[in-house]
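Undergrad: Below is one structure. I have some questions about it.
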Amino acid sequence: MEVICACCGRIFIRSPRNKNQSYCSRPECQRKRKTLWQKKKMASDQSYRLNHKTSQQEWIRNNPGYWKKYRKRKPDKAKRNRELQIIRNRRKRNPSLIAKMDASGARRFQPEGTFYLIPMIAKMDAIIVSMFSDNKELPVIAKKDSISSNASLI
Ligand SMILES: [Zn+2]
């Protein structure tokens, strides 16, 4: 039976042994399927989560210095992780600071007007940004970068 892959959208023939197959056999689609499965399992199964953590700790014990070498080998990744850790720490300390908007709130949010972009990571000055809607004819004063097709910086 021919079905559409839930990842890449290509048509593939479902395996007769797997009646619920919704991902094709391409490695990236299988990787996506496995990632989603594991994410779901980690969220729902406490013993799986505990087992995962234990085996990770065991691996770290058996491979001393791996992460130190990794950070030395890939300084850009180490820098990115340090920056993300600052955000994770802030989120942990004050969850309301970086709260997720619910879907209904997101619909009411109209990103038009003048805003201050305040960097959370580095100590930098705020950037003033004016955002305009696509359907209104407003002059674009100066375009800097390509943050968004309907946003311009002044
Ligand atoms: Zn696919």
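We name chains A, B, ... following the order of the structure tokens; residues begin at 1 in each chain, and ligands are numbered from 1 as shown.
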List as a PyMOL selection string the protein and nucleic acid residues lying within 9 Å of ligand 1, with only C-alpha atoms and all ligand atoms counted.
TA: chain A and resi 4-12+22-30
Undergrad: Hey, what does DSSP flag as helix (DSSP H, G or I) within segment 19-115 of chain A? Can you give it to me as a PyMOL selection string?
TA: chain A and resi 27-44+46-62+66-73+75-93+103-108
